[in-house]
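Novice: Please find upload_35.pdb (PDB, C-alpha atoms, pLDDT in the B column) on the next line:
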```
ATOM      1  CA  PHE H   1      17.524  45.669  31.404  1.00 62.00           C
ATOM      2  CA  ARG H   2      15.694  43.452  33.869  1.00 70.00           C
ATOM      3  CA  TYR H   3      17.394  40.926  36.114  1.00 75.00           C
ATOM      4  CA  VAL H   4      15.765  37.561  36.578  1.00 81.00           C
ATOM      5  CA  MET H   5      16.677  35.009  39.192  1.00 89.00           C
ATOM      6  CA  LEU H   6      18.378  32.033  37.639  1.00 92.00           C
ATOM      7  CA  ALA H   7      20.229  28.965  38.830  1.00 95.00           C
ATOM      8  CA  VAL H   8      22.392  26.176  37.503  1.00 95.00           C
ATOM      9  CA  VAL H   9      21.091  22.819  38.765  1.00 96.00           C
ATOM     10  CA  LYS H  10      22.429  19.290  38.448  1.00 96.00           C
ATOM     11  CA  ILE H  11      19.609  16.927  37.471  1.00 94.00           C
ATOM     12  CA  ALA H  12      20.209  13.254  36.595  1.00 90.00           C
ATOM     13  CA  GLY H  13      23.916  13.846  35.959  1.00 92.00           C
ATOM     14  CA  GLN H  14      23.441  16.864  33.677  1.00 94.00           C
ATOM     15  CA  GLN H  15      23.645  20.592  34.392  1.00 96.00           C
ATOM     16  CA  PHE H  16      20.778  22.891  33.393  1.00 96.00           C
ATOM     17  CA  LYS H  17      20.346  26.666  33.575  1.00 96.00           C
ATOM     18  CA  VAL H  18      16.855  27.273  34.948  1.00 95.00           C
ATOM     19  CA  GLU H  19      14.616  30.313  35.442  1.00 94.00           C
ATOM     20  CA  LYS H  20      11.290  30.699  37.211  1.00 91.00           C
ATOM     21  CA  ASP H  21       8.172  29.869  35.118  1.00 92.00           C
ATOM     22  CA  ARG H  22      10.230  28.236  32.336  1.00 94.00           C
ATOM     23  CA  TYR H  23       9.972  24.701  30.986  1.00 94.00           C
ATOM     24  CA  LEU H  24      12.785  22.167  31.044  1.00 94.00           C
ATOM     25  CA  TYR H  25      13.186  18.787  29.344  1.00 96.00           C
ATOM     26  CA  THR H  26      15.310  16.265  31.286  1.00 96.00           C
ATOM     27  CA  HIS H  27      15.934  12.564  31.073  1.00 96.00           C
ATOM     28  CA  ARG H  28      12.971  10.558  32.384  1.00 96.00           C
ATOM     29  CA  LEU H  29      12.402  11.215  36.103  1.00 94.00           C
ATOM     30  CA  ALA H  30      10.418   9.020  38.463  1.00 93.00           C
ATOM     31  CA  GLY H  31       7.028  10.436  39.425  1.00 92.00           C
ATOM     32  CA  GLU H  32       3.532  10.969  38.153  1.00 94.00           C
ATOM     33  CA  GLU H  33       2.284  13.963  36.184  1.00 95.00           C
ATOM     34  CA  GLY H  34       1.566  16.831  38.581  1.00 93.00           C
ATOM     35  CA  ALA H  35       4.048  15.596  41.208  1.00 95.00           C
ATOM     36  CA  ALA H  36       6.247  18.172  42.925  1.00 96.00           C
ATOM     37  CA  LEU H  37      10.036  17.962  42.677  1.00 94.00           C
ATOM     38  CA  VAL H  38      12.790  19.565  44.738  1.00 96.00           C
ATOM     39  CA  PHE H  39      16.290  19.839  43.288  1.00 94.00           C
ATOM     40  CA  ASP H  40      18.884  20.523  45.987  1.00 93.00           C
ATOM     41  CA  LYS H  41      22.074  20.193  43.924  1.00 94.00           C
ATOM     42  CA  VAL H  42      22.238  23.888  43.043  1.00 95.00           C
ATOM     43  CA  LEU H  43      25.659  24.822  41.666  1.00 95.00           C
ATOM     44  CA  LEU H  44      25.102  28.555  41.062  1.00 95.00           C
ATOM     45  CA  VAL H  45      22.436  31.146  41.909  1.00 94.00           C
ATOM     46  CA  GLU H  46      22.118  34.654  40.446  1.00 93.00           C
ATOM     47  CA  ASN H  47      19.697  37.196  41.897  1.00 88.00           C
ATOM     48  CA  ASP H  48      19.749  40.858  40.758  1.00 84.00           C
ATOM     49  CA  GLY H  49      23.419  40.693  39.797  1.00 83.00           C
ATOM     50  CA  ASP H  50      24.445  38.946  43.037  1.00 87.00           C
ATOM     51  CA  VAL H  51      26.096  35.667  42.011  1.00 91.00           C
ATOM     52  CA  ARG H  52      26.651  32.846  44.481  1.00 92.00           C
ATOM     53  CA  VAL H  53      28.826  29.974  43.339  1.00 94.00           C
ATOM     54  CA  GLY H  54      28.806  26.732  45.303  1.00 88.00           C
ATOM     55  CA  ALA H  55      31.764  24.612  46.248  1.00 90.00           C
ATOM     56  CA  PRO H  56      30.386  22.227  44.981  1.00 91.00           C
ATOM     57  CA  THR H  57      26.797  23.293  45.843  1.00 93.00           C
ATOM     58  CA  VAL H  58      25.242  26.460  47.261  1.00 93.00           C
ATOM     59  CA  ALA H  59      24.293  25.844  50.911  1.00 93.00           C
ATOM     60  CA  GLY H  60      20.570  26.165  51.595  1.00 92.00           C
ATOM     61  CA  ALA H  61      19.582  26.732  47.968  1.00 93.00           C
ATOM     62  CA  SER H  62      16.897  24.675  46.249  1.00 94.00           C
ATOM     63  CA  VAL H  63      14.785  24.707  43.119  1.00 95.00           C
ATOM     64  CA  LYS H  64      11.156  23.568  43.180  1.00 96.00           C
ATOM     65  CA  GLY H  65       9.411  22.242  40.097  1.00 95.00           C
ATOM     66  CA  LYS H  66       6.431  20.249  38.903  1.00 96.00           C
ATOM     67  CA  ILE H  67       6.242  17.366  36.436  1.00 96.00           C
ATOM     68  CA  LEU H  68       3.990  18.382  33.554  1.00 96.00           C
ATOM     69  CA  ASP H  69       4.333  15.458  31.173  1.00 95.00           C
ATOM     70  CA  HIS H  70       6.358  12.404  30.204  1.00 96.00           C
ATOM     71  CA  VAL H  71       7.220  12.614  26.500  1.00 96.00           C
ATOM     72  CA  ARG H  72       9.602  11.155  23.941  1.00 97.00           C
ATOM     73  CA  GLY H  73      12.217  13.180  22.105  1.00 96.00           C
ATOM     74  CA  GLU H  74      12.732  13.421  18.372  1.00 97.00           C
ATOM     75  CA  LYS H  75      14.148  10.440  16.546  1.00 97.00           C
ATOM     76  CA  VAL H  76      17.921  10.341  16.181  1.00 98.00           C
ATOM     77  CA  ILE H  77      19.299   8.216  13.351  1.00 98.00           C
ATOM     78  CA  VAL H  78      22.464   6.194  14.003  1.00 97.00           C
ATOM     79  CA  PHE H  79      24.019   5.179  10.675  1.00 98.00           C
ATOM     80  CA  LYS H  80      27.177   3.099  10.320  1.00 98.00           C
ATOM     81  CA  LYS H  81      28.940   2.061   7.125  1.00 98.00           C
ATOM     82  CA  LYS H  82      32.248   0.514   6.153  1.00 98.00           C
ATOM     83  CA  ARG H  83      33.104   1.169   2.540  1.00 97.00           C
ATOM     84  CA  ARG H  84      33.693  -1.711   0.142  1.00 98.00           C
ATOM     85  CA  LYS H  85      32.718  -4.305   2.794  1.00 97.00           C
ATOM     86  CA  GLY H  86      28.947  -4.429   2.386  1.00 97.00           C
ATOM     87  CA  TYR H  87      28.466  -3.359   6.020  1.00 98.00           C
ATOM     88  CA  VAL H  88      25.557  -0.950   6.587  1.00 98.00           C
ATOM     89  CA  ARG H  89      23.554  -0.498   9.811  1.00 98.00           C
ATOM     90  CA  LYS H  90      20.766   1.991  10.384  1.00 98.00           C
ATOM     91  CA  LYS H  91      19.071   2.386  13.763  1.00 98.00           C
ATOM     92  CA  GLY H  92      16.750   4.963  15.253  1.00 98.00           C
ATOM     93  CA  HIS H  93      16.499   6.089  18.868  1.00 97.00           C
ATOM     94  CA  ARG H  94      13.955   8.190  20.775  1.00 98.00           C
ATOM     95  CA  GLN H  95      14.897   9.335  24.277  1.00 96.00           C
ATOM     96  CA  ASP H  96      12.326   9.257  27.079  1.00 97.00           C
ATOM     97  CA  LEU H  97      12.039  12.774  28.540  1.00 96.00           C
ATOM     98  CA  THR H  98      10.223  14.541  31.352  1.00 96.00           C
ATOM     99  CA  LYS H  99       8.820  18.062  30.922  1.00 97.00           C
ATOM    100  CA  VAL H 100       9.324  20.051  34.142  1.00 97.00           C
ATOM    101  CA  LEU H 101       7.969  23.510  35.047  1.00 97.00           C
ATOM    102  CA  ILE H 102      10.289  25.467  37.339  1.00 95.00           C
ATOM    103  CA  GLU H 103       8.096  27.085  40.009  1.00 94.00           C
ATOM    104  CA  GLU H 104      10.513  28.586  42.532  1.00 92.00           C
ATOM    105  CA  ILE H 105      14.215  29.242  43.146  1.00 93.00           C
ATOM    106  CA  SER H 106      15.025  29.799  46.804  1.00 91.00           C
ATOM    107  CA  LEU H 107      18.181  30.595  48.748  1.00 83.00           C
TER     108      LEU H 107
END
```
Now, as a test, write the supplied structure out as structure tokens.

Specialist:
Amino acid sequence: FRYVMLAVVKIAGQQFKVEKDRYLYTHRLAGEEGAALVFDKVLLVENDGDVRVGAPTVAGASVKGKILDHVRGEKVIVFKKKRRKGYVRKKGHRQDLTKVLIEEISL
């Protein structure tokens, strides 16, 4: 069994478990493709079995990443119906996403 360094980061109001050299899809972030990002709201860090939990964040910890692409998610169908009333609504939605490569997790 091999330990990998991982962290739980709060990005745009959502929490994500991240590892080095892994991809992550988040809600659309400001920035151009290739721009560097630093996430400083690190809630938990694990390194070789040593777990540090923040209250609410881990002091001095940060996660560095790079924007790879701005994409759109798969279509989600929103369908509403009320029986016997002739009411039917069908809408589709595609979320704007940002693909981020996690480059480094530091304490």

Novice: Give me, please, the distance in Å between atom CA of Gly31 of chain H and atom CA of Thr98 of chain H, quoted to one decimal.

Specialist: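 Going from atom CA of Gly31 of chain H over to atom CA of Thr98 of chain H covers 9.6 Å.
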
Novice: If the PyMOL selection byres ((chain H and resi 9) around 6) were run on this exact file, what residues would it hold? Put them as a PyMOL selection string.

Specialist: chain H and resi 8+10+15-16+41-43

Novice: Take the residues that were just selected and, keeping C-alpha atoms, output them as a CSV table (one decimal), keeping the file's coordinate frame.

Specialist:
```csv
chain,number,residue,atom,x,y,z
H,8,VAL,CA,22.4,26.2,37.5
H,10,LYS,CA,22.4,19.3,38.4
H,15,GLN,CA,23.6,20.6,34.4
H,16,PHE,CA,20.8,22.9,33.4
H,41,LYS,CA,22.1,20.2,43.9
H,42,VAL,CA,22.2,23.9,43.0
H,43,LEU,CA,25.7,24.8,41.7
```

Novice: As an exercise, work out the distance from atom CA of His93 of chain H to atom CA of Val78 of chain H in Å and give it to one decimal place.

Specialist: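 Computing it gives 7.7 Å between the two atoms.
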
Novice: Please list as a PyMOL selection string every residue within 9 Å of Lys66 of chain H, counting all atoms listed in the file and excluding residues in the same chain fewer than 5 positions away.

Specialist: chain H and resi 33-38+99-103

Novice: Under the PyMOL selection byres ((chain H and resi 19) around 9), which residues of this model are included? Write them out as a VMD selection string.

Specialist: chain H and resid 4 to 7 17 to 18 20 to 23 102 to 105

Novice: Could you dump the residues just selected with C-alpha atoms as a PDB file, in the frame of the given file?

Specialist:
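So part-v8.pdb came out as:
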```pdb
ATOM      1  CA  VAL H   4      15.765  37.561  36.578  1.00 81.00           C
ATOM      2  CA  MET H   5      16.677  35.009  39.192  1.00 89.00           C
ATOM      3  CA  LEU H   6      18.378  32.033  37.639  1.00 92.00           C
ATOM      4  CA  ALA H   7      20.229  28.965  38.830  1.00 95.00           C
ATOM      5  CA  LYS H  17      20.346  26.666  33.575  1.00 96.00           C
ATOM      6  CA  VAL H  18      16.855  27.273  34.948  1.00 95.00           C
ATOM      7  CA  LYS H  20      11.290  30.699  37.211  1.00 91.00           C
ATOM      8  CA  ASP H  21       8.172  29.869  35.118  1.00 92.00           C
ATOM      9  CA  ARG H  22      10.230  28.236  32.336  1.00 94.00           C
ATOM     10  CA  TYR H  23       9.972  24.701  30.986  1.00 94.00           C
ATOM     11  CA  ILE H 102      10.289  25.467  37.339  1.00 95.00           C
ATOM     12  CA  GLU H 103       8.096  27.085  40.009  1.00 94.00           C
ATOM     13  CA  GLU H 104      10.513  28.586  42.532  1.00 92.00           C
ATOM     14  CA  ILE H 105      14.215  29.242  43.146  1.00 93.00           C
TER      15      ILE H 105
END
```

Novice: Counting all atoms listed in the file, what is within 8 Å of Tyr3 of chain H, bar same-chain residues fewer than 3 positions away, as a list in words?

Specialist: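 My reading of the contact set: Asn47, Asp48 and Gly49 of chain H.
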
Novice: Quick one: axis-aligned box around all listed atoms of segment 3-11 of chain H, 4 Å on every side, centre and edge lengths in Å to one decimal, written as AutoDock Vina command-line options.

Specialist:
```
--center_x 19.1 --center_y 28.9 --center_z 37.7 --size_x 14.7 --size_y 32.0 --size_z 11.1
```

Novice: Work out how far atom CA of Thr26 of chain H is from atom CA of Ser106 of chain H, in Å to one decimal.

Specialist: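 Interatomic distance, atom CA of Ser106 of chain H to atom CA of Thr26 of chain H: 20.6 Å.
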
Novice: Run through the PyMOL selection byres ((chain H and resi 80) around 9) on the given coordinates and return the selected residues as a PyMOL selection string.

Specialist: chain H and resi 78-79+81-82+87-91

Novice: Compare H:His27, H:Arg84, H:Arg94, H:His70 by their minimum atom-to-atom distance to Ala12 of chain H, counting all atoms listed in the file, and give me the closest one.

Specialist: H:His27

Novice: In terms of the shortest atom-to-atom distance over only C-alpha atoms, which of H:Ala55, H:Leu107, H:Leu44, H:Leu29 is closest to Asp69 of chain H?

Specialist: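 Looking at the shortest contact to Asp69 of chain H, the residue is H:Leu29.
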